[in-house]
Structure formats: C-alpha cells, structure tokens
>>> print(open('data27.txt').read())   # compact mmCIF, N, CA and C atoms
# COMPACT_ATOMS: atom_id res chain seq x y z
N MET A 1 -16.39 2.81 -97.43
CA MET A 1 -17.41 3.06 -98.43
C MET A 1 -18.39 1.90 -98.54
N THR A 2 -17.89 0.66 -98.42
CA THR A 2 -18.77 -0.51 -98.48
C THR A 2 -19.79 -0.47 -97.35
N GLU A 3 -19.34 -0.02 -96.18
CA GLU A 3 -20.23 0.08 -95.04
C GLU A 3 -21.40 1.00 -95.35
N LEU A 4 -21.11 2.14 -95.96
CA LEU A 4 -22.14 3.10 -96.31
C LEU A 4 -23.09 2.53 -97.37
N LYS A 5 -22.56 1.79 -98.33
CA LYS A 5 -23.41 1.18 -99.36
C LYS A 5 -24.41 0.21 -98.75
N ASN A 6 -23.99 -0.49 -97.68
CA ASN A 6 -24.85 -1.49 -97.05
C ASN A 6 -25.79 -0.91 -96.00
N LEU A 7 -25.63 0.36 -95.67
CA LEU A 7 -26.46 0.99 -94.66
C LEU A 7 -27.89 1.14 -95.17
N SER A 8 -28.83 0.86 -94.31
CA SER A 8 -30.24 0.96 -94.67
C SER A 8 -31.00 1.51 -93.48
N ALA A 9 -32.05 2.28 -93.73
CA ALA A 9 -32.86 2.85 -92.66
C ALA A 9 -34.33 2.82 -93.05
N VAL A 10 -35.16 2.56 -92.06
CA VAL A 10 -36.62 2.55 -92.25
C VAL A 10 -37.23 3.39 -91.13
N ALA A 11 -38.09 4.33 -91.48
CA ALA A 11 -38.79 5.16 -90.50
C ALA A 11 -40.24 4.70 -90.43
N LEU A 12 -40.76 4.66 -89.21
CA LEU A 12 -42.15 4.26 -89.00
C LEU A 12 -42.95 5.40 -88.42
N LYS A 13 -44.25 5.38 -88.69
CA LYS A 13 -45.18 6.29 -88.02
C LYS A 13 -46.42 5.47 -87.69
N TYR A 14 -47.14 5.92 -86.67
CA TYR A 14 -48.31 5.17 -86.23
C TYR A 14 -49.49 6.14 -86.06
N PRO A 15 -50.17 6.46 -87.16
CA PRO A 15 -51.34 7.34 -87.06
C PRO A 15 -52.43 6.71 -86.19
N LEU A 16 -53.19 7.54 -85.52
CA LEU A 16 -54.23 7.04 -84.62
C LEU A 16 -55.24 6.14 -85.32
N ASP A 17 -55.53 6.42 -86.58
CA ASP A 17 -56.55 5.65 -87.29
C ASP A 17 -56.00 4.42 -88.00
N ALA A 18 -54.72 4.13 -87.84
CA ALA A 18 -54.10 3.00 -88.55
C ALA A 18 -54.21 1.72 -87.75
N GLN A 19 -54.32 0.62 -88.46
CA GLN A 19 -54.38 -0.71 -87.85
C GLN A 19 -53.03 -1.08 -87.23
N ALA A 20 -51.96 -0.59 -87.83
CA ALA A 20 -50.60 -0.90 -87.40
C ALA A 20 -49.70 0.24 -87.87
N PRO A 21 -48.47 0.30 -87.35
CA PRO A 21 -47.54 1.33 -87.84
C PRO A 21 -47.34 1.22 -89.35
N LEU A 22 -47.01 2.35 -89.95
CA LEU A 22 -46.79 2.42 -91.39
C LEU A 22 -45.33 2.70 -91.69
N ILE A 23 -44.88 2.28 -92.85
CA ILE A 23 -43.55 2.63 -93.33
C ILE A 23 -43.64 4.09 -93.79
N ALA A 24 -42.95 4.99 -93.09
CA ALA A 24 -43.00 6.41 -93.42
C ALA A 24 -41.94 6.77 -94.45
N ALA A 25 -40.79 6.11 -94.37
CA ALA A 25 -39.69 6.38 -95.30
C ALA A 25 -38.72 5.21 -95.21
N LYS A 26 -37.95 5.05 -96.28
CA LYS A 26 -36.89 4.04 -96.27
C LYS A 26 -35.84 4.47 -97.27
N GLU A 27 -34.60 4.24 -96.91
CA GLU A 27 -33.50 4.63 -97.78
C GLU A 27 -32.33 3.68 -97.60
N ARG A 28 -31.39 3.76 -98.54
CA ARG A 28 -30.15 2.98 -98.49
C ARG A 28 -28.99 3.93 -98.72
N GLY A 29 -27.82 3.50 -98.28
CA GLY A 29 -26.59 4.23 -98.55
C GLY A 29 -26.54 5.60 -97.90
N ARG A 30 -26.09 6.58 -98.67
CA ARG A 30 -25.92 7.95 -98.16
C ARG A 30 -27.23 8.55 -97.64
N LEU A 31 -28.31 8.27 -98.34
CA LEU A 31 -29.60 8.82 -97.90
C LEU A 31 -30.05 8.19 -96.58
N ALA A 32 -29.73 6.92 -96.37
CA ALA A 32 -30.03 6.27 -95.09
C ALA A 32 -29.21 6.93 -93.98
N LYS A 33 -27.95 7.19 -94.26
CA LYS A 33 -27.09 7.87 -93.27
C LYS A 33 -27.67 9.23 -92.93
N ARG A 34 -28.10 9.97 -93.92
CA ARG A 34 -28.67 11.30 -93.69
C ARG A 34 -29.99 11.20 -92.93
N MET A 35 -30.78 10.20 -93.25
CA MET A 35 -32.04 10.00 -92.55
C MET A 35 -31.80 9.77 -91.06
N ILE A 36 -30.79 8.97 -90.73
CA ILE A 36 -30.44 8.70 -89.33
C ILE A 36 -29.92 9.97 -88.66
N GLU A 37 -29.09 10.73 -89.36
CA GLU A 37 -28.57 11.99 -88.81
C GLU A 37 -29.71 12.96 -88.49
N ILE A 38 -30.66 13.08 -89.40
CA ILE A 38 -31.80 13.98 -89.18
C ILE A 38 -32.62 13.52 -87.97
N ALA A 39 -32.83 12.23 -87.85
CA ALA A 39 -33.56 11.70 -86.69
C ALA A 39 -32.83 12.05 -85.40
N GLU A 40 -31.53 11.82 -85.38
CA GLU A 40 -30.75 12.10 -84.17
C GLU A 40 -30.73 13.60 -83.86
N GLU A 41 -30.61 14.44 -84.88
CA GLU A 41 -30.63 15.89 -84.69
C GLU A 41 -31.94 16.35 -84.07
N ASN A 42 -33.02 15.63 -84.36
CA ASN A 42 -34.35 15.98 -83.86
C ASN A 42 -34.78 15.14 -82.67
N GLU A 43 -33.82 14.45 -82.07
CA GLU A 43 -34.04 13.61 -80.88
C GLU A 43 -35.12 12.55 -81.10
N ILE A 44 -35.16 12.03 -82.31
CA ILE A 44 -36.05 10.92 -82.63
C ILE A 44 -35.26 9.64 -82.38
N PRO A 45 -35.80 8.73 -81.59
CA PRO A 45 -35.05 7.51 -81.27
C PRO A 45 -34.68 6.72 -82.53
N VAL A 46 -33.46 6.22 -82.53
CA VAL A 46 -32.96 5.37 -83.61
C VAL A 46 -32.59 4.03 -82.99
N ILE A 47 -33.21 2.98 -83.47
CA ILE A 47 -32.97 1.63 -82.97
C ILE A 47 -32.35 0.81 -84.08
N GLU A 48 -31.28 0.09 -83.76
CA GLU A 48 -30.64 -0.79 -84.75
C GLU A 48 -31.15 -2.22 -84.55
N ASP A 49 -31.72 -2.77 -85.59
CA ASP A 49 -32.20 -4.16 -85.59
C ASP A 49 -32.13 -4.65 -87.03
N ASP A 50 -31.04 -5.32 -87.37
CA ASP A 50 -30.80 -5.73 -88.76
C ASP A 50 -31.89 -6.63 -89.32
N ILE A 51 -32.35 -7.57 -88.52
CA ILE A 51 -33.37 -8.51 -89.01
C ILE A 51 -34.68 -7.78 -89.30
N LEU A 52 -35.11 -6.96 -88.36
CA LEU A 52 -36.35 -6.20 -88.55
C LEU A 52 -36.21 -5.25 -89.74
N GLU A 53 -35.05 -4.60 -89.84
CA GLU A 53 -34.82 -3.69 -90.96
C GLU A 53 -34.91 -4.42 -92.29
N ASN A 54 -34.36 -5.63 -92.36
CA ASN A 54 -34.43 -6.41 -93.59
C ASN A 54 -35.87 -6.70 -94.00
N VAL A 55 -36.70 -7.03 -93.03
CA VAL A 55 -38.11 -7.33 -93.32
C VAL A 55 -38.85 -6.06 -93.72
N LEU A 56 -38.64 -4.98 -92.97
CA LEU A 56 -39.38 -3.74 -93.22
C LEU A 56 -38.93 -3.03 -94.50
N SER A 57 -37.66 -3.17 -94.86
CA SER A 57 -37.15 -2.44 -96.01
C SER A 57 -37.70 -2.94 -97.34
N ILE A 58 -38.27 -4.13 -97.37
CA ILE A 58 -38.84 -4.63 -98.62
C ILE A 58 -40.31 -4.22 -98.79
N GLN A 59 -40.85 -3.55 -97.76
CA GLN A 59 -42.23 -3.07 -97.83
C GLN A 59 -42.26 -1.74 -98.56
N ASP A 60 -43.41 -1.36 -99.06
CA ASP A 60 -43.57 -0.08 -99.75
C ASP A 60 -43.83 1.03 -98.74
N VAL A 61 -43.36 2.22 -99.04
CA VAL A 61 -43.66 3.39 -98.21
C VAL A 61 -45.17 3.58 -98.20
N GLY A 62 -45.72 3.83 -97.01
CA GLY A 62 -47.17 3.99 -96.86
C GLY A 62 -47.88 2.71 -96.48
N GLN A 63 -47.21 1.59 -96.59
CA GLN A 63 -47.80 0.29 -96.29
C GLN A 63 -47.69 0.01 -94.79
N CYS A 64 -48.69 -0.69 -94.22
CA CYS A 64 -48.59 -1.14 -92.83
C CYS A 64 -47.46 -2.15 -92.72
N ILE A 65 -46.84 -2.17 -91.54
CA ILE A 65 -45.79 -3.18 -91.32
C ILE A 65 -46.44 -4.55 -91.35
N PRO A 66 -45.71 -5.59 -91.75
CA PRO A 66 -46.29 -6.93 -91.80
C PRO A 66 -46.67 -7.43 -90.40
N GLU A 67 -47.73 -8.20 -90.33
CA GLU A 67 -48.22 -8.70 -89.05
C GLU A 67 -47.16 -9.46 -88.27
N GLU A 68 -46.28 -10.17 -88.96
CA GLU A 68 -45.25 -10.94 -88.26
C GLU A 68 -44.22 -10.05 -87.56
N THR A 69 -44.25 -8.73 -87.82
CA THR A 69 -43.32 -7.81 -87.15
C THR A 69 -43.99 -7.03 -86.02
N TRP A 70 -45.28 -7.20 -85.83
CA TRP A 70 -46.01 -6.40 -84.84
C TRP A 70 -45.42 -6.51 -83.45
N GLU A 71 -45.12 -7.71 -83.01
CA GLU A 71 -44.61 -7.91 -81.66
C GLU A 71 -43.24 -7.24 -81.48
N ALA A 72 -42.37 -7.41 -82.44
CA ALA A 72 -41.04 -6.79 -82.36
C ALA A 72 -41.14 -5.27 -82.35
N VAL A 73 -41.97 -4.72 -83.22
CA VAL A 73 -42.14 -3.26 -83.28
C VAL A 73 -42.80 -2.75 -82.01
N ALA A 74 -43.78 -3.47 -81.49
CA ALA A 74 -44.43 -3.07 -80.24
C ALA A 74 -43.41 -3.04 -79.10
N SER A 75 -42.50 -3.99 -79.05
CA SER A 75 -41.46 -4.02 -78.03
C SER A 75 -40.56 -2.80 -78.14
N ILE A 76 -40.24 -2.42 -79.36
CA ILE A 76 -39.40 -1.24 -79.58
C ILE A 76 -40.14 0.01 -79.15
N PHE A 77 -41.40 0.15 -79.54
CA PHE A 77 -42.18 1.33 -79.13
C PHE A 77 -42.31 1.39 -77.61
N ALA A 78 -42.53 0.24 -76.96
CA ALA A 78 -42.64 0.20 -75.49
C ALA A 78 -41.32 0.64 -74.85
N TYR A 79 -40.21 0.20 -75.39
CA TYR A 79 -38.90 0.59 -74.88
C TYR A 79 -38.69 2.09 -75.02
N ILE A 80 -39.03 2.64 -76.18
CA ILE A 80 -38.87 4.08 -76.43
C ILE A 80 -39.72 4.87 -75.45
N ILE A 81 -40.97 4.46 -75.24
CA ILE A 81 -41.86 5.16 -74.32
C ILE A 81 -41.28 5.12 -72.90
N LYS A 82 -40.77 3.98 -72.50
CA LYS A 82 -40.18 3.83 -71.16
C LYS A 82 -38.99 4.78 -70.98
N VAL A 83 -38.11 4.82 -71.97
CA VAL A 83 -36.93 5.70 -71.90
C VAL A 83 -37.36 7.16 -71.87
N GLU A 84 -38.33 7.53 -72.71
CA GLU A 84 -38.80 8.92 -72.72
C GLU A 84 -39.43 9.31 -71.39
N GLN A 85 -40.18 8.40 -70.77
CA GLN A 85 -40.79 8.68 -69.47
C GLN A 85 -39.71 8.83 -68.40
N GLN A 86 -38.69 7.98 -68.43
CA GLN A 86 -37.59 8.09 -67.47
C GLN A 86 -36.85 9.41 -67.65
N ASN A 87 -36.61 9.80 -68.90
CA ASN A 87 -35.92 11.06 -69.17
C ASN A 87 -36.74 12.24 -68.68
N ALA A 88 -38.04 12.20 -68.89
CA ALA A 88 -38.91 13.28 -68.42
C ALA A 88 -38.91 13.34 -66.89
N PHE A 89 -38.94 12.20 -66.24
CA PHE A 89 -38.91 12.13 -64.78
C PHE A 89 -37.60 12.68 -64.23
N ASN A 90 -36.49 12.35 -64.90
CA ASN A 90 -35.17 12.78 -64.44
C ASN A 90 -34.96 14.28 -64.64
N LYS A 91 -35.68 14.89 -65.59
CA LYS A 91 -35.56 16.33 -65.82
C LYS A 91 -36.26 17.11 -64.72
N ASN A 92 -37.26 16.49 -64.07
CA ASN A 92 -38.02 17.17 -63.02
C ASN A 92 -37.33 16.99 -61.74
>>> encode(input="data27.txt", output="structure tokens")
Amino acid sequence: MTELKNLSAVALKYPLDAQAPLIAAKERGRLAKRMIEIAEENEIPVIEDDILENVLSIQDVGQCIPEETWEAVASIFAYIIKVEQQNAFNKN
C-alpha cells in the first residue's frame, strides 16, 4: 500500500503551436496507477524517471515544462520516436 501511495505519474503533450511540451495531467496514488494502466492499454509509451517526475509533478497542469527539463524530455521523445520507427519497420 505504501508503494501505491508514493506512486506518481505525469503525462505530457506537445501541441504544434507550443514553445515546449505541456503538462497534460498529473496524479498520485491510485489515480497515478490508473493513468499508467490507461496509457499502457492504449499503447502510449510509459517512461520511468523519478528525478524528472519529481520536477514535473510540481508544475501545474497546462503549464509548459520547465526549461531545465527540455533536454531530458527531448531525449525521451527521441527514444520513443526511434522505438516506434523500429516497431513500424519490423511490422513490414
């Protein structure tokens, strides 16, 4: 139960007109667990990064991610794109 209490999740989105990705949603505990389950059910990549999560979870929903996280988030997005491209290639 303590593990679930400490669980936290942050969802990002990157609209075309945005300067940087935005905090789309954030939750703790049971709702964070459900948020992760929904992402996995919909084949949305889930990345675990405790340090980044700690920084992003204190931001408000709808707010751009802080500039000091841009490089880390860009690395994650690049990794996700690479994996998705490899998966698409392997399906063909």
>>> closest_residue(input="data27.txt", among="A:Thr69, A:Gln59, A:Gln86, A:Asn42", to="Val10 (chain A)", atoms="only C-alpha atoms")
A:Gln59
>>> residues_around(input="data27.txt", residues="Ile65 (chain A)", least_positions_apart="2", cutoff="9 Å", atoms="only C-alpha atoms", output="PyMOL selection string")
chain A and resi 12+20-23+55-56+59+63+67-70+73
>>> atom_distance(input="data27.txt", atom1="CA of Ala74 (chain A)", atom2="CA of Ala24 (chain A)")
16.3 Å
>>> select_by_dssp(input="data27.txt", residues="chain A", states="strand (DSSP E)", output="ChimeraX atom specification")
/A:8-13,22-28
>>> axis_aligned_box(input="data27.txt", around="region 71-82 of chain A", padding_each_side="5 Å", output="lines of an AutoDock Vina configuration file")
center_x = -41.9
center_y = -1.4
center_z = -77.1
size_x = 16.4
size_y = 23.1
size_z = 22.3
>>> closest_residue(input="data27.txt", among="A:Ala88, A:Leu16, A:Ile81, A:Ala9", to="Glu37 (chain A)", atoms="only C-alpha atoms")
A:Ala9
>>> select_by_dssp(input="data27.txt", residues="region 3-90 of chain A", states="alpha helix (DSSP H)", output="NGL selection string")
:A and (3-6 or 29-41 or 50-57 or 70-90)
>>> write_last_selection(input="data27.txt", atoms="N, CA and C atoms", output="CSV table (one decimal), in the coordinates of the input")
chain,number,residue,atom,x,y,z
A,3,GLU,N,-19.3,0.0,-96.2
A,3,GLU,CA,-20.2,0.1,-95.0
A,3,GLU,C,-21.4,1.0,-95.4
A,4,LEU,N,-21.1,2.1,-96.0
A,4,LEU,CA,-22.1,3.1,-96.3
A,4,LEU,C,-23.1,2.5,-97.4
A,5,LYS,N,-22.6,1.8,-98.3
A,5,LYS,CA,-23.4,1.2,-99.4
A,5,LYS,C,-24.4,0.2,-98.8
A,6,ASN,N,-24.0,-0.5,-97.7
A,6,ASN,CA,-24.8,-1.5,-97.0
A,6,ASN,C,-25.8,-0.9,-96.0
A,29,GLY,N,-27.8,3.5,-98.3
A,29,GLY,CA,-26.6,4.2,-98.6
A,29,GLY,C,-26.5,5.6,-97.9
A,30,ARG,N,-26.1,6.6,-98.7
A,30,ARG,CA,-25.9,8.0,-98.2
A,30,ARG,C,-27.2,8.6,-97.6
A,31,LEU,N,-28.3,8.3,-98.3
A,31,LEU,CA,-29.6,8.8,-97.9
A,31,LEU,C,-30.0,8.2,-96.6
A,32,ALA,N,-29.7,6.9,-96.4
A,32,ALA,CA,-30.0,6.3,-95.1
A,32,ALA,C,-29.2,6.9,-94.0
A,33,LYS,N,-28.0,7.2,-94.3
A,33,LYS,CA,-27.1,7.9,-93.3
A,33,LYS,C,-27.7,9.2,-92.9
A,34,ARG,N,-28.1,10.0,-93.9
A,34,ARG,CA,-28.7,11.3,-93.7
A,34,ARG,C,-30.0,11.2,-92.9
A,35,MET,N,-30.8,10.2,-93.2
A,35,MET,CA,-32.0,10.0,-92.6
A,35,MET,C,-31.8,9.8,-91.1
A,36,ILE,N,-30.8,9.0,-90.7
A,36,ILE,CA,-30.4,8.7,-89.3
A,36,ILE,C,-29.9,10.0,-88.7
A,37,GLU,N,-29.1,10.7,-89.4
A,37,GLU,CA,-28.6,12.0,-88.8
A,37,GLU,C,-29.7,13.0,-88.5
A,38,ILE,N,-30.7,13.1,-89.4
A,38,ILE,CA,-31.8,14.0,-89.2
A,38,ILE,C,-32.6,13.5,-88.0
A,39,ALA,N,-32.8,12.2,-87.8
A,39,ALA,CA,-33.6,11.7,-86.7
A,39,ALA,C,-32.8,12.0,-85.4
A,40,GLU,N,-31.5,11.8,-85.4
A,40,GLU,CA,-30.8,12.1,-84.2
A,40,GLU,C,-30.7,13.6,-83.9
A,41,GLU,N,-30.6,14.4,-84.9
A,41,GLU,CA,-30.6,15.9,-84.7
A,41,GLU,C,-31.9,16.4,-84.1
A,50,ASP,N,-31.0,-5.3,-87.4
A,50,ASP,CA,-30.8,-5.7,-88.8
A,50,ASP,C,-31.9,-6.6,-89.3
A,51,ILE,N,-32.4,-7.6,-88.5
A,51,ILE,CA,-33.4,-8.5,-89.0
A,51,ILE,C,-34.7,-7.8,-89.3
A,52,LEU,N,-35.1,-7.0,-88.4
A,52,LEU,CA,-36.4,-6.2,-88.6
A,52,LEU,C,-36.2,-5.2,-89.7
A,53,GLU,N,-35.0,-4.6,-89.8
A,53,GLU,CA,-34.8,-3.7,-91.0
A,53,GLU,C,-34.9,-4.4,-92.3
A,54,ASN,N,-34.4,-5.6,-92.4
A,54,ASN,CA,-34.4,-6.4,-93.6
A,54,ASN,C,-35.9,-6.7,-94.0
A,55,VAL,N,-36.7,-7.0,-93.0
A,55,VAL,CA,-38.1,-7.3,-93.3
A,55,VAL,C,-38.8,-6.1,-93.7
A,56,LEU,N,-38.6,-5.0,-93.0
A,56,LEU,CA,-39.4,-3.7,-93.2
A,56,LEU,C,-38.9,-3.0,-94.5
A,57,SER,N,-37.7,-3.2,-94.9
A,57,SER,CA,-37.2,-2.4,-96.0
A,57,SER,C,-37.7,-2.9,-97.3
A,70,TRP,N,-45.3,-7.2,-85.8
A,70,TRP,CA,-46.0,-6.4,-84.8
A,70,TRP,C,-45.4,-6.5,-83.4
A,71,GLU,N,-45.1,-7.7,-83.0
A,71,GLU,CA,-44.6,-7.9,-81.7
A,71,GLU,C,-43.2,-7.2,-81.5
A,72,ALA,N,-42.4,-7.4,-82.4
A,72,ALA,CA,-41.0,-6.8,-82.4
A,72,ALA,C,-41.1,-5.3,-82.4
A,73,VAL,N,-42.0,-4.7,-83.2
A,73,VAL,CA,-42.1,-3.3,-83.3
A,73,VAL,C,-42.8,-2.8,-82.0
A,74,ALA,N,-43.8,-3.5,-81.5
A,74,ALA,CA,-44.4,-3.1,-80.2
A,74,ALA,C,-43.4,-3.0,-79.1
A,75,SER,N,-42.5,-4.0,-79.0
A,75,SER,CA,-41.5,-4.0,-78.0
A,75,SER,C,-40.6,-2.8,-78.1
A,76,ILE,N,-40.2,-2.4,-79.4
A,76,ILE,CA,-39.4,-1.2,-79.6
A,76,ILE,C,-40.1,0.0,-79.2
A,77,PHE,N,-41.4,0.2,-79.5
A,77,PHE,CA,-42.2,1.3,-79.1
A,77,PHE,C,-42.3,1.4,-77.6
A,78,ALA,N,-42.5,0.2,-77.0
A,78,ALA,CA,-42.6,0.2,-75.5
A,78,ALA,C,-41.3,0.6,-74.8
A,79,TYR,N,-40.2,0.2,-75.4
A,79,TYR,CA,-38.9,0.6,-74.9
A,79,TYR,C,-38.7,2.1,-75.0
A,80,ILE,N,-39.0,2.6,-76.2
A,80,ILE,CA,-38.9,4.1,-76.4
A,80,ILE,C,-39.7,4.9,-75.4
A,81,ILE,N,-41.0,4.5,-75.2
A,81,ILE,CA,-41.9,5.2,-74.3
A,81,ILE,C,-41.3,5.1,-72.9
A,82,LYS,N,-40.8,4.0,-72.5
A,82,LYS,CA,-40.2,3.8,-71.2
A,82,LYS,C,-39.0,4.8,-71.0
A,83,VAL,N,-38.1,4.8,-72.0
A,83,VAL,CA,-36.9,5.7,-71.9
A,83,VAL,C,-37.4,7.2,-71.9
A,84,GLU,N,-38.3,7.5,-72.7
A,84,GLU,CA,-38.8,8.9,-72.7
A,84,GLU,C,-39.4,9.3,-71.4
A,85,GLN,N,-40.2,8.4,-70.8
A,85,GLN,CA,-40.8,8.7,-69.5
A,85,GLN,C,-39.7,8.8,-68.4
A,86,GLN,N,-38.7,8.0,-68.4
A,86,GLN,CA,-37.6,8.1,-67.5
A,86,GLN,C,-36.8,9.4,-67.6
A,87,ASN,N,-36.6,9.8,-68.9
A,87,ASN,CA,-35.9,11.1,-69.2
A,87,ASN,C,-36.7,12.2,-68.7
A,88,ALA,N,-38.0,12.2,-68.9
A,88,ALA,CA,-38.9,13.3,-68.4
A,88,ALA,C,-38.9,13.3,-66.9
A,89,PHE,N,-38.9,12.2,-66.2
A,89,PHE,CA,-38.9,12.1,-64.8
A,89,PHE,C,-37.6,12.7,-64.2
A,90,ASN,N,-36.5,12.4,-64.9
A,90,ASN,CA,-35.2,12.8,-64.4
A,90,ASN,C,-35.0,14.3,-64.6
>>> atom_distance(input="data27.txt", atom1="CA of Pro45 (chain A)", atom2="CA of Ile76 (chain A)")
9.9 Å
>>> atom_distance(input="data27.txt", atom1="atom C of Leu31 (chain A)", atom2="atom C of Leu4 (chain A)")
9.0 Å
>>> closest_residue(input="data27.txt", among="A:Tyr79, A:Cys64, A:Lys33, A:Leu52", to="Tyr14 (chain A)", atoms="only C-alpha atoms")
A:Cys64
>>> residues_around(input="data27.txt", residues="Arg28 (chain A)", least_positions_apart="4", cutoff="6 Å", atoms="only C-alpha atoms", output="NGL selection string")
:A and (7-8 or 32)
